[in-house]
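Structure file upload_3.pdb with PDB, C-alpha atoms:
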```pdb
ATOM      1  CA  MET A  30      97.123  67.126 125.448
ATOM      2  CA  ILE A  31      93.895  68.965 126.395
ATOM      3  CA  ASP A  32      94.138  71.019 129.580
ATOM      4  CA  ALA A  33      91.522  70.295 132.233
ATOM      5  CA  THR A  34      90.315  73.913 132.129
ATOM      6  CA  ALA A  35      89.749  73.922 128.362
ATOM      7  CA  VAL A  36      86.230  73.543 126.940
ATOM      8  CA  VAL A  37      86.083  71.374 123.811
ATOM      9  CA  HIS A  38      82.672  70.629 122.324
ATOM     10  CA  PRO A  39      82.075  66.902 121.848
ATOM     11  CA  ASP A  40      81.256  67.457 118.166
ATOM     12  CA  ALA A  41      84.642  69.080 117.468
ATOM     13  CA  LYS A  42      87.091  66.882 115.572
ATOM     14  CA  ILE A  43      90.603  67.050 116.987
ATOM     15  CA  GLY A  44      93.596  65.552 115.142
ATOM     16  CA  ASN A  45      96.636  63.770 116.508
ATOM     17  CA  ASN A  46      99.214  65.448 118.731
ATOM     18  CA  VAL A  47      97.078  68.566 119.217
ATOM     19  CA  THR A  48      97.749  70.704 122.303
ATOM     20  CA  ILE A  49      94.844  72.707 123.735
ATOM     21  CA  GLY A  50      96.029  74.847 126.615
ATOM     22  CA  PRO A  51      94.362  76.361 129.671
ATOM     23  CA  PHE A  52      91.007  78.104 129.302
ATOM     24  CA  CYS A  53      90.721  77.562 125.557
ATOM     25  CA  TYR A  54      87.324  77.107 123.912
ATOM     26  CA  VAL A  55      86.727  74.939 120.825
ATOM     27  CA  GLY A  56      83.155  74.960 119.590
ATOM     28  CA  PRO A  57      81.032  72.594 117.499
ATOM     29  CA  ASP A  58      81.643  72.234 113.757
ATOM     30  CA  VAL A  59      85.368  72.777 114.282
ATOM     31  CA  ILE A  60      88.011  70.527 112.717
ATOM     32  CA  ILE A  61      91.589  70.906 113.964
ATOM     33  CA  GLY A  62      94.399  69.152 112.101
ATOM     34  CA  ASP A  63      97.353  67.236 113.512
ATOM     35  CA  ASP A  64     100.196  68.895 115.433
ATOM     36  CA  THR A  65      98.293  72.131 116.029
ATOM     37  CA  TRP A  66      98.961  74.092 119.235
ATOM     38  CA  LEU A  67      96.592  76.365 121.150
ATOM     39  CA  SER A  68      98.416  78.307 123.864
ATOM     40  CA  SER A  69      95.793  79.513 126.356
ATOM     41  CA  HIS A  70      92.555  81.499 126.214
ATOM     42  CA  VAL A  71      92.231  80.738 122.484
ATOM     43  CA  VAL A  72      88.693  80.703 121.040
ATOM     44  CA  ILE A  73      87.878  78.758 117.865
ATOM     45  CA  LYS A  74      84.252  78.696 116.704
ATOM     46  CA  GLY A  75      82.744  76.917 113.751
ATOM     47  CA  PRO A  76      82.068  76.085 111.121
ATOM     48  CA  ALA A  77      85.858  76.188 110.840
ATOM     49  CA  THR A  78      88.465  73.863 109.375
ATOM     50  CA  ILE A  79      92.020  74.238 110.668
ATOM     51  CA  GLY A  80      94.882  72.422 108.938
ATOM     52  CA  LYS A  81      98.022  70.851 110.377
ATOM     53  CA  GLY A  82     100.833  72.394 112.383
ATOM     54  CA  ASN A  83      99.192  75.724 113.164
ATOM     55  CA  LYS A  84     100.074  77.750 116.276
ATOM     56  CA  PHE A  85      97.556  79.974 118.052
ATOM     57  CA  PHE A  86      98.851  82.246 120.789
ATOM     58  CA  GLN A  87      96.821  83.517 123.720
ATOM     59  CA  PHE A  88      93.598  85.438 123.195
ATOM     60  CA  SER A  89      93.428  84.807 119.451
ATOM     61  CA  SER A  90      89.824  84.469 118.223
ATOM     62  CA  ILE A  91      89.161  82.386 115.127
ATOM     63  CA  GLY A  92      85.841  81.797 113.363
ATOM     64  CA  GLU A  93      83.766  84.292 115.296
ATOM     65  CA  GLU A  94      80.671  85.890 113.765
ATOM     66  CA  CYS A  95      81.683  88.718 111.452
ATOM     67  CA  GLN A  96      81.158  92.395 112.211
ATOM     68  CA  ASP A  97      79.055  92.993 109.104
ATOM     69  CA  LYS A  98      75.612  94.324 110.080
ATOM     70  CA  LYS A  99      74.069  92.322 107.235
ATOM     71  CA  TYR A 100      75.124  89.089 108.932
ATOM     72  CA  MET A 101      72.068  87.300 110.334
ATOM     73  CA  GLY A 102      73.606  84.171 111.805
ATOM     74  CA  GLU A 103      73.985  82.158 108.593
ATOM     75  CA  PRO A 104      76.313  79.111 108.823
ATOM     76  CA  THR A 105      79.279  80.638 107.022
ATOM     77  CA  ARG A 106      82.774  79.328 107.624
ATOM     78  CA  VAL A 107      86.536  79.758 107.963
ATOM     79  CA  GLU A 108      89.153  77.572 106.309
ATOM     80  CA  ILE A 109      92.815  77.724 107.361
ATOM     81  CA  GLY A 110      95.691  75.760 105.804
ATOM     82  CA  ASP A 111      98.861  74.440 107.426
ATOM     83  CA  ASN A 112     101.769  75.833 109.455
ATOM     84  CA  ASN A 113     100.366  79.280 110.131
ATOM     85  CA  VAL A 114     101.211  81.330 113.207
ATOM     86  CA  PHE A 115      98.562  83.519 114.850
ATOM     87  CA  ARG A 116     100.066  85.702 117.550
ATOM     88  CA  GLU A 117      98.354  87.323 120.510
ATOM     89  CA  CYS A 118      94.834  88.699 120.042
ATOM     90  CA  CYS A 119      94.507  87.895 116.320
ATOM     91  CA  THR A 120      90.936  87.858 114.991
ATOM     92  CA  VAL A 121      89.687  85.954 111.936
ATOM     93  CA  HIS A 122      85.974  86.211 111.175
ATOM     94  CA  ARG A 123      83.672  83.959 109.171
ATOM     95  CA  GLY A 124      82.322  84.936 105.757
ATOM     96  CA  THR A 125      78.921  86.223 104.657
ATOM     97  CA  VAL A 126      76.287  84.864 102.302
ATOM     98  CA  GLN A 127      76.568  88.083 100.294
ATOM     99  CA  ASP A 128      79.931  86.726  99.098
ATOM    100  CA  GLU A 129      81.088  83.078  99.053
ATOM    101  CA  GLY A 130      80.315  82.541 102.725
ATOM    102  CA  LEU A 131      83.975  81.768 103.339
ATOM    103  CA  THR A 132      87.022  83.429 104.852
ATOM    104  CA  LYS A 133      90.019  81.479 103.569
ATOM    105  CA  ILE A 134      93.654  81.504 104.683
ATOM    106  CA  GLY A 135      96.385  79.438 103.029
ATOM    107  CA  SER A 136      99.572  78.059 104.565
ATOM    108  CA  ASP A 137     102.861  79.269 106.072
ATOM    109  CA  ASN A 138     101.549  82.713 107.001
ATOM    110  CA  LEU A 139     102.440  84.885 109.993
ATOM    111  CA  PHE A 140      99.787  87.028 111.643
ATOM    112  CA  MET A 141     101.445  89.171 114.299
ATOM    113  CA  ALA A 142      99.746  90.482 117.430
ATOM    114  CA  TYR A 143      96.389  92.256 117.096
ATOM    115  CA  THR A 144      96.019  91.642 113.371
ATOM    116  CA  HIS A 145      92.523  91.297 111.910
ATOM    117  CA  VAL A 146      91.216  89.299 108.951
ATOM    118  CA  ALA A 147      87.626  90.308 108.250
ATOM    119  CA  HIS A 148      84.766  88.406 106.634
ATOM    120  CA  ASP A 149      85.158  86.937 103.146
ATOM    121  CA  CYS A 150      88.872  87.681 102.887
ATOM    122  CA  VAL A 151      91.170  85.367 100.948
ATOM    123  CA  VAL A 152      94.797  85.239 102.099
ATOM    124  CA  GLY A 153      97.333  83.184 100.136
ATOM    125  CA  ASN A 154     100.561  81.563 101.308
ATOM    126  CA  HIS A 155     103.734  82.980 102.920
ATOM    127  CA  VAL A 156     101.947  86.230 103.772
ATOM    128  CA  ILE A 157     102.939  88.414 106.739
ATOM    129  CA  LEU A 158     100.632  90.824 108.546
ATOM    130  CA  ALA A 159     102.726  92.820 111.006
ATOM    131  CA  ASN A 160     101.349  94.069 114.325
ATOM    132  CA  ASN A 161      97.929  95.737 114.156
ATOM    133  CA  ALA A 162      97.571  95.354 110.387
ATOM    134  CA  SER A 163      93.901  94.942 109.474
ATOM    135  CA  ILE A 164      92.200  93.894 106.269
ATOM    136  CA  ALA A 165      88.532  94.761 105.818
ATOM    137  CA  GLY A 166      85.870  92.544 104.314
ATOM    138  CA  HIS A 167      86.292  90.907 100.896
ATOM    139  CA  VAL A 168      90.013  91.749 100.668
ATOM    140  CA  LYS A 169      92.324  89.417  98.757
ATOM    141  CA  VAL A 170      96.015  89.137  99.659
ATOM    142  CA  ASP A 171      98.184  87.098  97.295
ATOM    143  CA  ASP A 172     101.232  84.956  98.089
ATOM    144  CA  TRP A 173     104.333  86.486  99.710
ATOM    145  CA  ALA A 174     102.735  89.894 100.333
ATOM    146  CA  ILE A 175     103.800  91.770 103.469
ATOM    147  CA  LEU A 176     101.610  94.306 105.239
ATOM    148  CA  GLY A 177     103.555  96.583 107.565
ATOM    149  CA  GLY A 178     102.448  97.343 111.096
ATOM    150  CA  MET A 179      99.238  99.393 111.476
ATOM    151  CA  THR A 180      98.409  98.998 107.778
ATOM    152  CA  GLY A 181      94.696  99.392 107.059
ATOM    153  CA  VAL A 182      93.245  97.894 103.877
ATOM    154  CA  HIS A 183      89.860  99.051 102.550
ATOM    155  CA  GLN A 184      87.200  96.477 101.716
ATOM    156  CA  PHE A 185      87.345  94.775  98.287
ATOM    157  CA  VAL A 186      90.987  95.774  97.756
ATOM    158  CA  HIS A 187      93.357  93.262  96.139
ATOM    159  CA  ILE A 188      96.996  93.091  97.276
ATOM    160  CA  GLY A 189      99.201  91.437  94.651
ATOM    161  CA  ALA A 190     101.893  88.801  95.113
ATOM    162  CA  HIS A 191     105.191  90.017  96.622
ATOM    163  CA  ALA A 192     103.709  93.458  97.296
ATOM    164  CA  PHE A 193     104.776  95.402 100.381
ATOM    165  CA  THR A 194     102.991  98.089 102.382
ATOM    166  CA  ALA A 195     104.954 100.331 104.729
ATOM    167  CA  GLY A 196     103.885 100.800 108.326
ATOM    168  CA  CYS A 197     100.771 102.904 108.925
ATOM    169  CA  SER A 198      99.738 102.754 105.264
ATOM    170  CA  LEU A 199      96.091 103.270 104.320
ATOM    171  CA  VAL A 200      95.400 101.196 101.215
ATOM    172  CA  LEU A 201      92.309 102.276  99.270
ATOM    173  CA  GLN A 202      93.035 100.764  95.847
ATOM    174  CA  ASP A 203      94.593  97.588  94.461
ATOM    175  CA  VAL A 204      98.352  97.145  94.868
ATOM    176  CA  PRO A 205      99.944  95.370  91.873
ATOM    177  CA  PRO A 206     102.393  92.500  92.366
ATOM    178  CA  TYR A 207     105.950  93.458  93.391
ATOM    179  CA  VAL A 208     105.005  97.048  94.264
ATOM    180  CA  MET A 209     105.926  98.820  97.504
ATOM    181  CA  VAL A 210     103.473 101.451  98.748
ATOM    182  CA  SER A 211     103.239 103.842 101.665
ATOM    183  CA  GLY A 212     101.209 106.813 102.817
ATOM    184  CA  GLN A 213      97.661 107.794 103.708
ATOM    185  CA  SER A 214      96.324 107.059 101.230
ATOM    186  CA  ALA A 215      99.062 104.744  99.965
ATOM    187  CA  VAL A 216     100.915 105.548  96.759
ATOM    188  CA  PRO A 217     103.562 103.522  94.872
ATOM    189  CA  ARG A 218     107.173 104.089  95.868
ATOM    190  CA  ALA A 219     109.281 101.368  94.219
ATOM    191  CA  THR A 220     109.443  97.655  93.538
ATOM    192  CA  ASN A 221     110.052  95.164  96.323
ATOM    193  CA  SER A 222     113.446  94.300  94.851
ATOM    194  CA  GLU A 223     115.068  93.183  98.089
ATOM    195  CA  GLY A 224     112.219  90.806  98.828
ATOM    196  CA  LEU A 225     112.457  89.341  95.342
ATOM    197  CA  LYS A 226     116.189  88.731  95.729
ATOM    198  CA  ARG A 227     115.558  86.914  99.010
ATOM    199  CA  ARG A 228     113.068  84.699  97.173
ATOM    200  CA  ASN A 229     115.654  83.804  94.537
ATOM    201  CA  PHE A 230     114.296  85.841  91.638
ATOM    202  CA  SER A 231     117.019  86.130  89.030
ATOM    203  CA  LYS A 232     118.783  89.431  88.434
ATOM    204  CA  GLU A 233     117.207  89.577  84.977
ATOM    205  CA  ALA A 234     113.720  89.043  86.404
ATOM    206  CA  VAL A 235     114.186  91.790  89.000
ATOM    207  CA  LEU A 236     115.389  94.218  86.320
ATOM    208  CA  ALA A 237     112.420  93.328  84.094
ATOM    209  CA  ILE A 238     110.009  93.947  86.964
ATOM    210  CA  ARG A 239     111.632  97.329  87.556
ATOM    211  CA  ARG A 240     111.183  98.177  83.876
ATOM    212  CA  ALA A 241     107.517  97.209  84.076
ATOM    213  CA  TYR A 242     107.114  99.388  87.163
ATOM    214  CA  LYS A 243     108.670 102.363  85.368
ATOM    215  CA  LEU A 244     106.363 101.869  82.413
ATOM    216  CA  LEU A 245     103.368 101.793  84.718
ATOM    217  CA  TYR A 246     104.315 104.628  87.058
ATOM    218  CA  ARG A 247     107.226 106.706  85.770
ATOM    219  CA  SER A 248     106.793 106.941  82.005
ATOM    220  CA  GLY A 249     103.930 109.427  81.921
ATOM    221  CA  LEU A 250     101.755 106.841  80.176
ATOM    222  CA  THR A 251      98.229 106.043  81.216
ATOM    223  CA  THR A 252      97.569 102.538  82.475
ATOM    224  CA  ALA A 253      95.936 101.616  79.178
ATOM    225  CA  GLU A 254      98.946 102.936  77.249
ATOM    226  CA  ALA A 255     101.486 101.172  79.473
ATOM    227  CA  LEU A 256      99.851  97.743  79.394
ATOM    228  CA  PRO A 257     100.783  96.773  75.810
ATOM    229  CA  GLN A 258     104.438  97.567  76.485
ATOM    230  CA  ILE A 259     104.335  95.594  79.748
ATOM    231  CA  ARG A 260     102.828  92.684  77.807
ATOM    232  CA  GLU A 261     105.726  92.818  75.353
ATOM    233  CA  LEU A 262     108.163  92.713  78.254
ATOM    234  CA  ALA A 263     106.311  89.722  79.710
ATOM    235  CA  GLU A 264     106.899  87.724  76.531
ATOM    236  CA  GLU A 265     110.590  87.574  77.414
ATOM    237  CA  HIS A 266     110.198  87.663  81.201
ATOM    238  CA  PRO A 267     107.172  85.632  82.391
ATOM    239  CA  GLU A 268     107.461  87.049  85.917
ATOM    240  CA  VAL A 269     106.076  90.309  84.506
ATOM    241  CA  ALA A 270     102.930  88.622  83.192
ATOM    242  CA  ILE A 271     101.257  88.440  86.604
ATOM    243  CA  MET A 272     101.644  92.205  86.955
ATOM    244  CA  ALA A 273     100.040  92.783  83.566
ATOM    245  CA  ASP A 274      97.191  90.371  84.337
ATOM    246  CA  PHE A 275      96.614  91.981  87.722
ATOM    247  CA  VAL A 276      96.456  95.521  86.361
ATOM    248  CA  GLU A 277      94.192  94.523  83.493
ATOM    249  CA  ASN A 278      91.745  92.737  85.812
ATOM    250  CA  SER A 279      91.697  95.261  88.653
ATOM    251  CA  SER A 280      88.138  96.178  89.555
ATOM    252  CA  ARG A 281      88.899  99.021  92.005
ATOM    253  CA  GLY A 282      91.745 100.490  90.012
ATOM    254  CA  ILE A 283      95.377 100.379  91.072
ATOM    255  CA  VAL A 284      97.244 102.733  93.397
ATOM    256  CA  ARG A 285      98.642 105.720  91.484
TER     257      ARG A 285
END
```
Rendering of file as structure tokens:
Amino acid sequence: MIDATAVVHPDAKIGNNVTIGPFCYVGPDVIIGDDTWLSSHVVIKGPATIGKGNKFFQFSSIGEECQDKKYMGEPTRVEIGDNNVFRECCTVHRGTVQDEGLTKIGSDNLFMAYTHVAHDCVVGNHVILANNASIAGHVKVDDWAILGGMTGVHQFVHIGAHAFTAGCSLVLQDVPPYVMVSGQSAVPRATNSEGLKRRNFSKEAVLAIRRAYKLLYRSGLTTAEALPQIRELAEEHPEVAIMADFVENSSRGIVR
């Protein structure tokens, strides 16, 4: 299952039923899980741990040295879960010792062509980065978030669960869970109600999330004033609690 033109370092650990196509390169300190597929011209450098059932399309580059000028060759790493798809020319860079030394990606994510995951990022599960979306260093993207094509996310920003950024958005501050943003710089527009319905949120939960959004963004209240009322709403609708927790713990401040 390894093409004759591929270069696989003898120290790499390759699982069962792995396909490594023409002109791929797999370096030392790389672990690739079962049923993973490398198309052609894929580069994976270590230290990197790749889970099961992942698909890497041509010219994707995983585990390369990061583009942080402070990086001095330290043995930082990349960890990737299961069943992710990395389309053409995706780049995922290793972490830095100034953070946890780790860039971490969960499972069941889709990274479309030319997307970039920078050093020390943490990406959850069921996330989509559409074509040319890029997240800078130390960004966190929670489960089920969707970043529209050409979205740019500033370093240290946190994107909440089920959030959505429109195409060509420039995200400079944290985006709370369930919130849709757009613009340069991005501002809140609405809740991601359609996405929540597709993920089987109840009608009551969707309405409660909309109420929380209105308290946060449409009531004229400051964030500090809105939070206690959002907390009260969360007592009856636990789905709202993650929004309240996110806003309360935001270090950069949320989009306004």
Got a sec to check which residues sit within 7 Å of (101.2, 84.0, 101.5), counting all atoms listed in the file, and write them as a count of residues only?
-> 13
Please write as a list of chain:residue names the full residue list that the PyMOL selection byres ((chain A and resi 94) around 7) yields on this file.
-> A:Gly92, A:Glu93, A:Cys95, A:Gln96, A:His122, A:Arg123
What lies within 7 Å of Cys53 (chain A) using all atoms listed in the file, ignoring chain neighbours under 2 positions off, as a PDB file with C-alpha atoms, in the frame of the given file?
```
ATOM      1  CA  ALA A  35      89.749  73.922 128.362  1.00  0.00           C
ATOM      2  CA  VAL A  36      86.230  73.543 126.940  1.00  0.00           C
ATOM      3  CA  ILE A  49      94.844  72.707 123.735  1.00  0.00           C
ATOM      4  CA  GLY A  50      96.029  74.847 126.615  1.00  0.00           C
ATOM      5  CA  PRO A  51      94.362  76.361 129.671  1.00  0.00           C
ATOM      6  CA  VAL A  55      86.727  74.939 120.825  1.00  0.00           C
ATOM      7  CA  SER A  69      95.793  79.513 126.356  1.00  0.00           C
ATOM      8  CA  HIS A  70      92.555  81.499 126.214  1.00  0.00           C
ATOM      9  CA  VAL A  71      92.231  80.738 122.484  1.00  0.00           C
ATOM     10  CA  VAL A  72      88.693  80.703 121.040  1.00  0.00           C
TER      11      VAL A  72
END
```
Every residue with an atom at most 6 Å from (92.6, 91.1, 104.8) (file coordinates; only C-alpha atoms) is what I'm after, so could you write them as a JSON list (two decimals) with C-alpha atoms, in the frame of the given file?
```
[["chain", "number", "residue", "atom", "x", "y", "z"],
["A", 146, "VAL", "CA", 91.22, 89.30, 108.95],
["A", 150, "CYS", "CA", 88.87, 87.68, 102.89],
["A", 164, "ILE", "CA", 92.20, 93.89, 106.27],
["A", 165, "ALA", "CA", 88.53, 94.76, 105.82],
["A", 168, "VAL", "CA", 90.01, 91.75, 100.67]]
```
Chain and number of each residue from the PyMOL selection byres ((chain A and resi 198-201) around 10), as a PDB file with C-alpha atoms, in the frame of the given file:
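The result, written out as part29.pdb:
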```pdb
ATOM      1  CA  ALA A 162      97.571  95.354 110.387  1.00  0.00           C
ATOM      2  CA  ILE A 164      92.200  93.894 106.269  1.00  0.00           C
ATOM      3  CA  LEU A 176     101.610  94.306 105.239  1.00  0.00           C
ATOM      4  CA  GLY A 177     103.555  96.583 107.565  1.00  0.00           C
ATOM      5  CA  GLY A 178     102.448  97.343 111.096  1.00  0.00           C
ATOM      6  CA  MET A 179      99.238  99.393 111.476  1.00  0.00           C
ATOM      7  CA  THR A 180      98.409  98.998 107.778  1.00  0.00           C
ATOM      8  CA  GLY A 181      94.696  99.392 107.059  1.00  0.00           C
ATOM      9  CA  VAL A 182      93.245  97.894 103.877  1.00  0.00           C
ATOM     10  CA  HIS A 183      89.860  99.051 102.550  1.00  0.00           C
ATOM     11  CA  GLN A 184      87.200  96.477 101.716  1.00  0.00           C
ATOM     12  CA  PHE A 185      87.345  94.775  98.287  1.00  0.00           C
ATOM     13  CA  VAL A 186      90.987  95.774  97.756  1.00  0.00           C
ATOM     14  CA  HIS A 187      93.357  93.262  96.139  1.00  0.00           C
ATOM     15  CA  ILE A 188      96.996  93.091  97.276  1.00  0.00           C
ATOM     16  CA  THR A 194     102.991  98.089 102.382  1.00  0.00           C
ATOM     17  CA  ALA A 195     104.954 100.331 104.729  1.00  0.00           C
ATOM     18  CA  GLY A 196     103.885 100.800 108.326  1.00  0.00           C
ATOM     19  CA  CYS A 197     100.771 102.904 108.925  1.00  0.00           C
ATOM     20  CA  GLN A 202      93.035 100.764  95.847  1.00  0.00           C
ATOM     21  CA  ASP A 203      94.593  97.588  94.461  1.00  0.00           C
ATOM     22  CA  VAL A 204      98.352  97.145  94.868  1.00  0.00           C
ATOM     23  CA  VAL A 210     103.473 101.451  98.748  1.00  0.00           C
ATOM     24  CA  SER A 211     103.239 103.842 101.665  1.00  0.00           C
ATOM     25  CA  GLY A 212     101.209 106.813 102.817  1.00  0.00           C
ATOM     26  CA  GLN A 213      97.661 107.794 103.708  1.00  0.00           C
ATOM     27  CA  SER A 214      96.324 107.059 101.230  1.00  0.00           C
ATOM     28  CA  ALA A 215      99.062 104.744  99.965  1.00  0.00           C
ATOM     29  CA  VAL A 216     100.915 105.548  96.759  1.00  0.00           C
ATOM     30  CA  ARG A 281      88.899  99.021  92.005  1.00  0.00           C
ATOM     31  CA  GLY A 282      91.745 100.490  90.012  1.00  0.00           C
ATOM     32  CA  ILE A 283      95.377 100.379  91.072  1.00  0.00           C
ATOM     33  CA  VAL A 284      97.244 102.733  93.397  1.00  0.00           C
TER      34      VAL A 284
END
```
Distance criterion (only C-alpha atoms): nearest to Asn161 (chain A) out of A:Met30, A:Met141, A:Leu236, A:Leu67 = A:Met141
Between A:Phe275, A:Phe140, A:Phe193, A:Tyr207, which has the minimum distance to Phe86 (chain A) (counting only C-alpha atoms)?
->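 Checking each of A:Phe275, A:Phe140, A:Phe193, A:Tyr207 against Phe86 (chain A), counting only C-alpha atoms, the winner is A:Phe140.
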For Gln258 (chain A), work out the shell of residues within 10 Å, counting all atoms listed in the file and skipping chain neighbours fewer than 2 positions away, then give it as a PyMOL selection string.
-> chain A and resi 241+244-245+253-256+260-263+273
For Gly166 (chain A), the closest of A:Val121, A:Ala192, A:Val37, A:Ile60 counting all atoms listed in the file is A:Val121
Return as lines of an AutoDock Vina configuration file the centre and edge lengths, in Å with one decimal, of the box along x, y and z that encloses every atom of region 205-211 of chain A in the file, padded by 6 Å per side.
```
center_x = 102.9
center_y = 98.2
center_z = 96.8
size_x = 18.0
size_y = 23.3
size_z = 21.8
```
